[in-house]
Every structure is written in structure tokens, then in C-alpha cells.
file my_file30.cif (mmCIF, C-alpha atoms)
data_my_file
#
loop_
_atom_site.label_atom_id
_atom_site.label_comp_id
_atom_site.auth_asym_id
_atom_site.auth_seq_id
_atom_site.Cartn_x
_atom_site.Cartn_y
_atom_site.Cartn_z
CA VAL A 6 -71.48 -68.25 -23.31
CA SER A 7 -68.16 -66.49 -23.65
CA SER A 8 -65.48 -65.73 -26.22
CA SER A 9 -61.76 -65.18 -26.14
CA SER A 10 -58.74 -65.22 -28.44
CA SER A 11 -55.30 -66.67 -27.83
CA SER A 12 -52.25 -64.59 -28.58
CA ARG A 13 -50.41 -67.78 -29.58
CA LEU A 14 -52.30 -67.73 -32.88
CA TYR A 15 -50.87 -64.44 -34.05
CA ALA A 16 -47.50 -63.37 -35.34
CA THR A 17 -45.49 -61.02 -33.14
CA ALA A 18 -43.42 -59.33 -35.80
CA ALA A 19 -42.09 -55.85 -35.13
CA THR A 20 -44.71 -53.21 -35.86
CA THR A 21 -44.91 -49.49 -36.42
CA THR A 22 -47.92 -49.00 -34.19
CA THR A 23 -48.52 -47.56 -30.74
CA THR A 24 -50.90 -49.05 -28.20
CA LYS A 25 -52.78 -47.04 -25.58
CA ARG A 26 -54.93 -48.44 -22.80
CA ARG A 27 -57.56 -46.20 -21.26
CA GLY A 28 -59.05 -46.44 -17.81
CA ASP A 29 -62.42 -47.56 -19.16
CA GLY A 30 -60.87 -50.66 -20.73
CA THR A 31 -60.62 -49.29 -24.27
CA ILE A 32 -57.50 -50.25 -26.22
CA ILE A 33 -56.32 -48.12 -29.16
CA ILE A 34 -53.81 -49.50 -31.65
CA ALA A 35 -52.77 -46.73 -34.02
CA PRO A 36 -50.06 -45.98 -36.60
CA GLU A 37 -46.93 -44.71 -34.89
CA ASP A 38 -46.65 -42.13 -37.66
CA GLU A 39 -49.87 -40.17 -37.17
CA SER A 40 -49.70 -38.79 -40.71
CA ARG A 41 -50.41 -42.31 -42.05
CA HIS A 42 -53.74 -42.59 -40.23
CA SER A 43 -56.56 -42.30 -42.78
CA ALA A 44 -59.13 -44.83 -41.54
CA SER A 45 -60.41 -46.42 -38.33
CA VAL A 46 -62.01 -49.70 -37.23
CA ILE A 47 -64.05 -50.03 -34.05
CA LEU A 48 -63.86 -53.69 -33.00
CA CYS A 49 -66.25 -55.02 -30.33
CA HIS A 50 -65.53 -58.20 -28.36
CA GLY A 51 -68.01 -60.94 -27.52
CA LEU A 52 -69.92 -61.81 -24.37
CA GLY A 53 -67.75 -62.38 -21.31
CA ASP A 54 -64.61 -61.08 -22.99
CA THR A 55 -62.87 -57.69 -22.89
CA ALA A 56 -60.83 -55.59 -25.28
CA GLU A 57 -57.73 -57.43 -24.06
CA GLY A 58 -59.03 -60.66 -25.58
CA TRP A 59 -59.05 -59.06 -29.02
CA ALA A 60 -55.82 -57.07 -28.76
CA PRO A 61 -53.67 -59.82 -30.39
CA PRO A 62 -55.90 -60.29 -33.48
CA ALA A 63 -56.35 -56.52 -33.74
CA GLN A 64 -52.58 -56.14 -33.71
CA TYR A 65 -52.36 -58.72 -36.50
CA LEU A 66 -54.86 -56.71 -38.54
CA ALA A 67 -53.00 -53.48 -37.79
CA ASN A 68 -49.76 -55.02 -39.03
CA GLN A 69 -51.41 -55.62 -42.42
CA LEU A 70 -53.13 -52.23 -42.54
CA PRO A 71 -50.61 -49.58 -41.46
CA HIS A 72 -52.96 -46.67 -42.22
CA VAL A 73 -55.78 -47.93 -39.97
CA LYS A 74 -56.39 -47.20 -36.29
CA PHE A 75 -58.11 -49.97 -34.30
CA ILE A 76 -60.32 -49.00 -31.35
CA LEU A 77 -61.34 -51.80 -29.00
CA PRO A 78 -63.93 -50.83 -26.37
CA THR A 79 -64.82 -52.99 -23.37
CA ALA A 80 -68.46 -53.69 -22.55
CA PRO A 81 -69.91 -52.82 -19.13
CA THR A 82 -70.10 -55.63 -16.59
CA GLN A 83 -73.72 -56.56 -15.96
CA PRO A 84 -75.86 -59.63 -15.16
CA VAL A 85 -76.65 -61.93 -18.09
CA THR A 86 -79.89 -63.87 -17.84
CA LEU A 87 -78.70 -66.71 -20.09
CA ASN A 88 -75.75 -67.33 -17.78
CA MET A 89 -77.91 -67.61 -14.64
CA GLY A 90 -77.63 -63.91 -13.87
CA MET A 91 -73.84 -63.98 -13.58
CA ALA A 92 -72.27 -60.56 -14.04
CA MET A 93 -69.80 -60.33 -16.93
CA PRO A 94 -68.81 -57.92 -19.68
CA SER A 95 -71.86 -57.76 -21.93
CA TRP A 96 -73.14 -55.28 -24.52
CA TYR A 97 -76.74 -56.22 -23.64
CA ASP A 98 -78.67 -58.88 -21.78
CA ILE A 99 -79.13 -62.24 -23.51
CA VAL A 100 -82.19 -64.19 -22.39
CA GLY A 101 -81.85 -67.12 -24.81
CA LEU A 102 -80.33 -68.13 -28.12
CA ASP A 103 -83.55 -68.44 -30.13
CA SER A 104 -84.72 -65.62 -32.41
CA ARG A 105 -87.58 -64.61 -30.13
CA SER A 106 -85.16 -64.08 -27.24
CA ASN A 107 -83.11 -61.70 -29.40
CA GLU A 108 -85.94 -59.18 -29.76
CA ASN A 109 -85.53 -57.33 -26.43
CA CYS A 110 -81.77 -57.09 -25.88
CA GLU A 111 -81.97 -54.85 -22.81
CA GLY A 112 -78.93 -52.59 -22.75
CA LEU A 113 -78.44 -52.55 -26.53
CA ASP A 114 -79.49 -48.91 -26.82
CA GLU A 115 -76.92 -47.84 -24.22
CA SER A 116 -74.18 -49.81 -25.98
CA MET A 117 -75.12 -48.26 -29.32
CA ASP A 118 -74.73 -44.85 -27.68
CA THR A 119 -71.22 -45.87 -26.61
CA ILE A 120 -70.33 -46.87 -30.18
CA LEU A 121 -71.85 -43.71 -31.61
CA GLY A 122 -69.70 -41.73 -29.19
CA LEU A 123 -66.58 -43.50 -30.43
CA LEU A 124 -67.59 -42.77 -34.01
CA GLU A 125 -68.06 -39.10 -33.19
CA ASP A 126 -64.64 -39.02 -31.55
CA GLU A 127 -63.16 -40.11 -34.88
CA VAL A 128 -65.03 -37.60 -37.03
CA ASN A 129 -64.50 -34.77 -34.55
CA VAL A 130 -61.06 -35.76 -33.29
CA SER A 131 -59.24 -33.24 -31.13
CA ASN A 132 -56.09 -31.56 -32.35
CA ASP A 133 -54.71 -31.79 -28.82
CA VAL A 134 -51.87 -34.30 -28.99
CA ASP A 135 -52.27 -34.90 -25.28
CA ASP A 136 -55.88 -35.99 -25.69
CA ALA A 137 -56.01 -39.62 -24.56
CA MET A 138 -58.85 -40.28 -26.99
CA SER A 139 -56.88 -39.19 -30.00
CA CYS A 140 -54.08 -40.94 -31.83
CA ALA A 141 -54.28 -38.67 -34.89
CA SER A 142 -54.42 -34.95 -35.59
CA SER A 143 -57.04 -34.97 -38.36
CA SER A 144 -60.69 -35.95 -38.45
CA LEU A 145 -62.24 -38.67 -40.59
CA ASP A 146 -65.46 -38.98 -42.53
CA TYR A 147 -67.87 -41.75 -41.54
CA SER A 148 -67.11 -43.32 -44.92
CA ARG A 149 -63.59 -44.03 -43.64
CA ILE A 150 -64.73 -46.02 -40.60
CA VAL A 151 -65.70 -49.69 -40.23
CA LEU A 152 -67.65 -51.25 -37.37
CA ALA A 153 -66.62 -54.81 -36.57
CA GLY A 154 -67.27 -57.33 -33.85
CA PHE A 155 -67.27 -60.94 -32.70
CA SER A 156 -70.40 -62.79 -31.55
CA GLN A 157 -72.43 -60.37 -29.40
CA GLY A 158 -70.04 -57.63 -30.50
CA GLY A 159 -70.73 -58.52 -34.12
CA ALA A 160 -74.45 -58.26 -33.46
CA LEU A 161 -73.87 -54.82 -31.93
CA ALA A 162 -71.78 -53.71 -34.92
CA LEU A 163 -74.36 -54.91 -37.46
CA TYR A 164 -77.37 -53.35 -35.76
CA THR A 165 -75.63 -50.09 -34.95
CA GLY A 166 -74.01 -49.69 -38.34
CA MET A 167 -77.19 -50.22 -40.33
CA THR A 168 -79.89 -48.62 -38.16
CA GLN A 169 -78.36 -45.65 -36.38
CA HIS A 170 -78.20 -42.00 -37.44
CA ARG A 171 -75.52 -39.36 -37.31
CA ARG A 172 -76.11 -37.26 -34.21
CA GLN A 173 -74.37 -34.07 -35.35
CA GLN A 174 -76.56 -31.00 -35.62
CA GLY A 175 -78.27 -30.79 -38.98
CA LYS A 176 -77.65 -34.44 -39.86
CA ASN A 177 -80.19 -36.16 -37.67
CA ASN A 178 -81.89 -37.88 -40.62
CA ASP A 179 -78.71 -39.28 -42.11
CA GLY A 180 -77.63 -42.87 -41.56
CA LEU A 181 -74.04 -43.47 -40.59
CA GLY A 182 -72.91 -44.31 -44.12
CA LEU A 183 -69.93 -46.32 -42.92
CA ALA A 184 -67.24 -47.83 -45.12
CA GLY A 185 -68.30 -51.31 -44.05
CA ILE A 186 -69.39 -53.70 -41.31
CA VAL A 187 -67.63 -56.93 -40.27
CA VAL A 188 -69.57 -59.58 -38.34
CA MET A 189 -67.64 -62.57 -36.99
CA SER A 190 -69.71 -65.42 -35.50
CA GLY A 191 -72.53 -62.95 -34.95
CA TYR A 192 -76.17 -62.41 -35.86
CA LEU A 193 -78.82 -59.74 -36.34
CA PRO A 194 -80.49 -58.80 -33.02
CA ARG A 195 -83.95 -57.22 -32.80
CA SER A 196 -84.72 -58.54 -36.26
CA SER A 197 -88.40 -57.53 -36.25
CA GLN A 198 -87.47 -53.94 -35.35
CA PHE A 199 -84.66 -53.69 -37.89
CA VAL A 200 -84.92 -50.65 -40.17
CA ILE A 201 -82.06 -49.48 -42.37
CA ALA A 202 -81.27 -45.80 -41.83
CA PRO A 203 -81.25 -43.61 -44.96
CA GLY A 204 -77.76 -43.49 -46.42
CA SER A 205 -76.62 -46.82 -44.99
CA GLU A 206 -78.10 -48.96 -47.78
CA HIS A 207 -74.77 -49.01 -49.58
CA THR A 208 -72.66 -50.08 -46.59
CA PRO A 209 -71.00 -53.41 -47.53
CA ILE A 210 -71.20 -56.23 -44.98
CA LEU A 211 -68.83 -59.15 -44.43
CA HIS A 212 -70.32 -61.93 -42.30
CA CYS A 213 -67.84 -64.67 -41.27
CA HIS A 214 -68.80 -67.78 -39.31
CA GLY A 215 -67.44 -71.17 -38.29
CA ARG A 216 -69.46 -74.09 -39.65
CA ASP A 217 -69.05 -76.01 -36.38
CA ASP A 218 -70.12 -73.17 -34.07
CA PRO A 219 -72.12 -74.72 -31.18
CA VAL A 220 -72.99 -71.36 -29.61
CA VAL A 221 -74.28 -69.28 -32.51
CA PRO A 222 -75.13 -71.74 -35.30
CA VAL A 223 -73.79 -70.96 -38.76
CA GLN A 224 -77.39 -70.63 -39.97
CA ALA A 225 -77.35 -67.19 -38.32
CA THR A 226 -75.55 -65.92 -41.41
CA GLU A 227 -78.44 -66.92 -43.66
CA VAL A 228 -81.09 -65.65 -41.25
CA SER A 229 -79.37 -62.27 -40.97
CA ARG A 230 -78.74 -61.93 -44.70
CA ASP A 231 -82.29 -63.01 -45.56
CA ARG A 232 -83.66 -60.29 -43.31
CA ILE A 233 -81.42 -57.51 -44.61
CA VAL A 234 -81.13 -58.16 -48.36
CA PRO A 235 -84.89 -57.92 -49.11
CA LEU A 236 -85.00 -54.56 -47.34
CA LEU A 237 -82.20 -53.37 -49.61
CA LYS A 238 -84.02 -54.61 -52.70
CA GLU A 239 -87.10 -52.65 -51.65
CA ARG A 240 -84.94 -49.55 -52.13
CA ASN A 241 -83.53 -50.88 -55.41
CA VAL A 242 -80.10 -51.30 -53.83
CA GLU A 243 -77.83 -54.21 -54.71
CA ASN A 244 -75.62 -54.09 -51.65
CA SER A 245 -72.79 -56.47 -50.89
CA TYR A 246 -73.70 -58.87 -48.07
CA GLU A 247 -70.84 -61.34 -48.28
CA VAL A 248 -70.94 -64.54 -46.25
CA LYS A 249 -67.84 -66.65 -45.61
CA THR A 250 -67.94 -69.86 -43.60
CA TYR A 251 -65.06 -72.00 -42.34
CA ALA A 252 -64.96 -75.78 -42.05
CA GLY A 253 -63.93 -77.08 -38.64
CA LEU A 254 -64.17 -73.68 -36.93
CA ASP A 255 -66.20 -73.45 -33.73
CA HIS A 256 -67.16 -70.28 -31.83
CA SER A 257 -63.81 -68.65 -32.36
CA VAL A 258 -61.70 -66.94 -35.01
CA SER A 259 -59.12 -68.41 -37.36
CA MET A 260 -56.19 -67.03 -39.29
CA GLU A 261 -58.02 -67.74 -42.57
CA GLU A 262 -60.92 -65.67 -41.31
CA LEU A 263 -58.67 -62.80 -40.21
CA ASP A 264 -57.02 -62.80 -43.62
CA ASP A 265 -60.48 -62.52 -45.21
CA VAL A 266 -61.17 -59.58 -42.90
CA VAL A 267 -57.89 -57.97 -43.98
CA ALA A 268 -58.88 -58.35 -47.65
CA PHE A 269 -62.29 -56.79 -46.96
CA LEU A 270 -60.75 -53.88 -45.04
CA ARG A 271 -58.26 -53.25 -47.80
CA ARG A 272 -61.11 -53.04 -50.26
CA VAL A 273 -63.38 -50.70 -48.28
CA LEU A 274 -60.61 -48.70 -46.55
CA PRO A 275 -57.85 -48.31 -49.15
CA PRO A 276 -54.91 -46.07 -48.20
CA ILE A 277 -55.31 -42.43 -49.25
#
call {"tool": "encode", "arguments": {"input": "my_file30.cif", "output": "C-alpha cells"}}
result
Amino acid sequence: VSSSSSSRLYATAATTTTTKRRGDGTIIIAPEDESRHSASVILCHGLGDTAEGWAPPAQYLANQLPHVKFILPTAPTQPVTLNMGMAMPSWYDIVGLDSRSNENCEGLDESMDTILGLLEDEVNVSNDVDDAMSCASSSLDYSRIVLAGFSQGGALALYTGMTQHRRQQGKNNDGLGLAGIVVMSGYLPRSSQFVIAPGSEHTPILHCHGRDDPVVPVQATEVSRDRIVPLLKERNVENSYEVKTYAGLDHSVSMEELDDVVAFLRRVLPPI
């Protein structure tokens, strides 16, 4: 199981962004004019891929959203049981593709810590212009950040965004309260353990999926939504869990899908 994206799919028009590559494999695509930065998206790749595989589509998104910084982390390389123990970039171990196999997800907690650290970097960004982590001089609120991901990275984004708490002192009981979550060809891991953190009930979710996906079947959208929406209704919350599927699309991403992501991001992260 792996995922990648071809740069041939994406336009290469001139942009007003800067791209930084860190030693840990993280790629940051940010507005060249730092004063325009008012929102951020953390975009997680799928199993067997790296941030480089998602740099072209992230650049396409950045071209449409000149006020948004895109942060693309790379998963640690570790053995994956499903792939006969072969070591590859993976956010957590995958034992099988059935729902029961998705309950353990060894390594998920460590990857969530990584994502929480990236979120904290955005809300507590350094004013030091030489800081390699920072591409802006002002901090953001969690409500100006979206978690996104493809396949395993989408699963990580969904679980982290809805279940985790802010770790700053005095806010340990608060959910992240993000602007939104984007899941592409992903699913909800650890479904039986899934609990929505207080304050994250209103986080809108966009779940995109190819109808011809042979790796993660399109039914994962319904399974994930049917697990999450009833929990929201228990709290009398009518949240937006939007599902979009694409005819003829396998376990990959399409331009139509990216344009739907752009529309979603424009709605939840408008320029300010």
C-alpha cells in the first residue's frame, strides 16, 4: 500500500510563495509576503510517501489561497505489518485493511504528538525571522488552522483533529477547535475508541474519495461519517460532515478533488 502524486497534473504558473525544506523532511510553502499569512494547513501524506510527493498539489492549493501557509511533514520510517514488515514512511503500523485491524494503530499516538507540535508552532510562532520553523511573524488561533491528509495521513488528520486537546497550560480540557479537517481517500482509525474532544464538535469535515479506490474502499466515507455524526447529535450539534466522491478515481487525487478542497478551504479559512 502506498500513495504518491505526479507533478505533471498540476499547473506550474508563477507564484508568490516561498518553499523551505527542513532536515526532518518537512516542507513549508508560505506566502512570500509574510504580512498576507493569516491561516495555515497541515497536510499529511499517505503510507509509503513523503512530503515531497504532496509538494506539487500543495503548491497548486497555495496558488489559489495566497494567505495560507502549507506545512507538509514527513512520517517516520518504520516497519509496516501489512507490507510484510517492510520499512517505509508510515504514521502508524497497519496490520490489515478491515475495521478490526484499525483499532490498534501502533505509533498513532506518537504521530499525533508530532502534529500537535506543529499546531503549537503555529499558535506560538517565533518572532525570530531566522527561525527555520517560522514563515510568518504573527501567531494564529487554532480556529485559523486546518488539518488535512491523504489515505493514512487523512486518517491521522481526522482522528487528531477531532479527539485531541490543546496542550497549553490552562487549556488542557479544550479540544483543538480547528477551522476544519480535510480527509482524502482516508478513514476513521480506532473507531471504537473515538471520542470527540469538547470544543471540536463544530469543526467542519470534508471527506473526499475515489469511487474506484481498490485500497481504501469508498464505503470508508460512510463508515466514518456514520460513526461521527451520531456522536455530534448526542451533543445537539448539527456539524458539517461533507462527503464528495469521484467517478473513475482510484487511490489517488484528481484536479476536481483539489478544486473541491480549495472551495472548502476558502469557506473555512477566508482571508482576513
call {"tool": "resolve_selection", "arguments": {"input": "my_file30.cif", "expression": "the PyMOL selection byres ((chain A and resi 190) around 7)", "output": "MDAnalysis selection string"}}
result
chainID A and resid 155:156 188:189 191 213:215 221 256
call {"tool": "resolve_selection", "arguments": {"input": "my_file30.cif", "expression": "the PyMOL selection byres ((chain A and resi 195) around 8)", "output": "count of residues only"}}
result
10
call {"tool": "closest_residue", "arguments": {"input": "my_file30.cif", "among": "A:Leu161, A:Leu263, A:Ala60, A:Ala202", "to": "Gly180 in chain A", "atoms": "only C-alpha atoms"}}
result
A:Ala202
call {"tool": "resolve_selection", "arguments": {"input": "my_file30.cif", "expression": "the PyMOL selection byres ((chain A and resi 76) around 12)", "output": "mmCIF file with C-alpha atoms, in the frame of the given file"}}
result
data_model
loop_
_atom_site.group_PDB
_atom_site.id
_atom_site.type_symbol
_atom_site.label_atom_id
_atom_site.label_comp_id
_atom_site.auth_asym_id
_atom_site.auth_seq_id
_atom_site.Cartn_x
_atom_site.Cartn_y
_atom_site.Cartn_z
ATOM 1 C CA THR A 23 -48.520 -47.560 -30.740
ATOM 2 C CA THR A 24 -50.900 -49.050 -28.200
ATOM 3 C CA LYS A 25 -52.780 -47.040 -25.580
ATOM 4 C CA ARG A 26 -54.930 -48.440 -22.800
ATOM 5 C CA ARG A 27 -57.560 -46.200 -21.260
ATOM 6 C CA GLY A 30 -60.870 -50.660 -20.730
ATOM 7 C CA THR A 31 -60.620 -49.290 -24.270
ATOM 8 C CA ILE A 32 -57.500 -50.250 -26.220
ATOM 9 C CA ILE A 33 -56.320 -48.120 -29.160
ATOM 10 C CA ILE A 34 -53.810 -49.500 -31.650
ATOM 11 C CA ALA A 35 -52.770 -46.730 -34.020
ATOM 12 C CA PRO A 36 -50.060 -45.980 -36.600
ATOM 13 C CA ALA A 44 -59.130 -44.830 -41.540
ATOM 14 C CA SER A 45 -60.410 -46.420 -38.330
ATOM 15 C CA VAL A 46 -62.010 -49.700 -37.230
ATOM 16 C CA ILE A 47 -64.050 -50.030 -34.050
ATOM 17 C CA LEU A 48 -63.860 -53.690 -33.000
ATOM 18 C CA CYS A 49 -66.250 -55.020 -30.330
ATOM 19 C CA HIS A 50 -65.530 -58.200 -28.360
ATOM 20 C CA ALA A 56 -60.830 -55.590 -25.280
ATOM 21 C CA GLU A 57 -57.730 -57.430 -24.060
ATOM 22 C CA TRP A 59 -59.050 -59.060 -29.020
ATOM 23 C CA ALA A 60 -55.820 -57.070 -28.760
ATOM 24 C CA ALA A 63 -56.350 -56.520 -33.740
ATOM 25 C CA GLN A 64 -52.580 -56.140 -33.710
ATOM 26 C CA LEU A 66 -54.860 -56.710 -38.540
ATOM 27 C CA ALA A 67 -53.000 -53.480 -37.790
ATOM 28 C CA VAL A 73 -55.780 -47.930 -39.970
ATOM 29 C CA LYS A 74 -56.390 -47.200 -36.290
ATOM 30 C CA PHE A 75 -58.110 -49.970 -34.300
ATOM 31 C CA LEU A 77 -61.340 -51.800 -29.000
ATOM 32 C CA PRO A 78 -63.930 -50.830 -26.370
ATOM 33 C CA THR A 79 -64.820 -52.990 -23.370
ATOM 34 C CA ILE A 120 -70.330 -46.870 -30.180
ATOM 35 C CA LEU A 123 -66.580 -43.500 -30.430
ATOM 36 C CA LEU A 124 -67.590 -42.770 -34.010
ATOM 37 C CA ASP A 126 -64.640 -39.020 -31.550
ATOM 38 C CA GLU A 127 -63.160 -40.110 -34.880
ATOM 39 C CA MET A 138 -58.850 -40.280 -26.990
ATOM 40 C CA SER A 139 -56.880 -39.190 -30.000
ATOM 41 C CA CYS A 140 -54.080 -40.940 -31.830
ATOM 42 C CA ILE A 150 -64.730 -46.020 -40.600
ATOM 43 C CA VAL A 151 -65.700 -49.690 -40.230
ATOM 44 C CA LEU A 152 -67.650 -51.250 -37.370
ATOM 45 C CA ALA A 153 -66.620 -54.810 -36.570
ATOM 46 C CA GLY A 154 -67.270 -57.330 -33.850
#
call {"tool": "closest_residue", "arguments": {"input": "my_file30.cif", "among": "A:Leu274, A:Leu102, A:Val242, A:Leu254", "to": "Ser148 in chain A", "atoms": "all atoms listed in the file"}}
result
A:Leu274
call {"tool": "atom_distance", "arguments": {"input": "my_file30.cif", "atom1": "CA of Ala80 in chain A", "atom2": "CA of Gly166 in chain A"}}
result
17.2 Å
call {"tool": "residues_around", "arguments": {"input": "my_file30.cif", "residues": "Asp114 in chain A", "least_positions_apart": "2", "cutoff": "12 Å", "atoms": "all atoms listed in the file", "output": "count of residues only"}}
result
20
call {"tool": "closest_residue", "arguments": {"input": "my_file30.cif", "among": "A:Ala252, A:Val273, A:Val266, A:Val223", "to": "Thr208 in chain A", "atoms": "only C-alpha atoms"}}
result
A:Val273
call {"tool": "atom_distance", "arguments": {"input": "my_file30.cif", "atom1": "CA of Gly101 in chain A", "atom2": "CA of Gly53 in chain A"}}
result
15.3 Å
call {"tool": "atom_distance", "arguments": {"input": "my_file30.cif", "atom1": "CA of Val200 in chain A", "atom2": "CA of His170 in chain A"}}
result
11.3 Å
call {"tool": "residues_around", "arguments": {"input": "my_file30.cif", "residues": "Glu227 in chain A", "least_positions_apart": "3", "cutoff": "12 Å", "atoms": "all atoms listed in the file", "output": "mmCIF file with C-alpha atoms, in the coordinates of the input"}}
result
data_model
loop_
_atom_site.group_PDB
_atom_site.id
_atom_site.type_symbol
_atom_site.label_atom_id
_atom_site.label_comp_id
_atom_site.auth_asym_id
_atom_site.auth_seq_id
_atom_site.Cartn_x
_atom_site.Cartn_y
_atom_site.Cartn_z
ATOM 1 C CA GLY A 191 -72.530 -62.950 -34.950
ATOM 2 C CA TYR A 192 -76.170 -62.410 -35.860
ATOM 3 C CA LEU A 193 -78.820 -59.740 -36.340
ATOM 4 C CA HIS A 212 -70.320 -61.930 -42.300
ATOM 5 C CA CYS A 213 -67.840 -64.670 -41.270
ATOM 6 C CA HIS A 214 -68.800 -67.780 -39.310
ATOM 7 C CA PRO A 222 -75.130 -71.740 -35.300
ATOM 8 C CA VAL A 223 -73.790 -70.960 -38.760
ATOM 9 C CA GLN A 224 -77.390 -70.630 -39.970
ATOM 10 C CA ARG A 230 -78.740 -61.930 -44.700
ATOM 11 C CA ASP A 231 -82.290 -63.010 -45.560
ATOM 12 C CA ARG A 232 -83.660 -60.290 -43.310
ATOM 13 C CA ILE A 233 -81.420 -57.510 -44.610
ATOM 14 C CA VAL A 234 -81.130 -58.160 -48.360
ATOM 15 C CA TYR A 246 -73.700 -58.870 -48.070
ATOM 16 C CA GLU A 247 -70.840 -61.340 -48.280
ATOM 17 C CA VAL A 248 -70.940 -64.540 -46.250
ATOM 18 C CA LYS A 249 -67.840 -66.650 -45.610
ATOM 19 C CA THR A 250 -67.940 -69.860 -43.600
#
call {"tool": "residues_around", "arguments": {"input": "my_file30.cif", "residues": "Met89 in chain A", "least_positions_apart": "4", "cutoff": "10 Å", "atoms": "all atoms listed in the file", "output": "short mmCIF file (atom, residue, chain, number, x, y, z; two decimals) with C-alpha atoms, keeping the file's coordinate frame"}}
result
data_model
loop_
_atom_site.label_atom_id
_atom_site.label_comp_id
_atom_site.auth_asym_id
_atom_site.auth_seq_id
_atom_site.Cartn_x
_atom_site.Cartn_y
_atom_site.Cartn_z
CA PRO A 84 -75.86 -59.63 -15.16
CA VAL A 85 -76.65 -61.93 -18.09
CA VAL A 100 -82.19 -64.19 -22.39
#
call {"tool": "residues_near_point", "arguments": {"input": "my_file30.cif", "point": "(-57.2, -46.5, -48.0)", "cutoff": "9 Å", "atoms": "all atoms listed in the file", "output": "count of residues only"}}
result
14
call {"tool": "closest_residue", "arguments": {"input": "my_file30.cif", "among": "A:Asn178, A:Gly185, A:Glu239, A:Val220", "to": "Ala162 in chain A", "atoms": "only C-alpha atoms"}}
result
A:Gly185
call {"tool": "closest_residue", "arguments": {"input": "my_file30.cif", "among": "A:Met260, A:Leu163, A:Leu113, A:Leu237", "to": "Leu183 in chain A", "atoms": "all atoms listed in the file"}}
result
A:Leu163
call {"tool": "closest_residue", "arguments": {"input": "my_file30.cif", "among": "A:Pro62, A:Pro81, A:Pro71, A:Gly122", "to": "Met93 in chain A", "atoms": "only C-alpha atoms"}}
result
A:Pro81
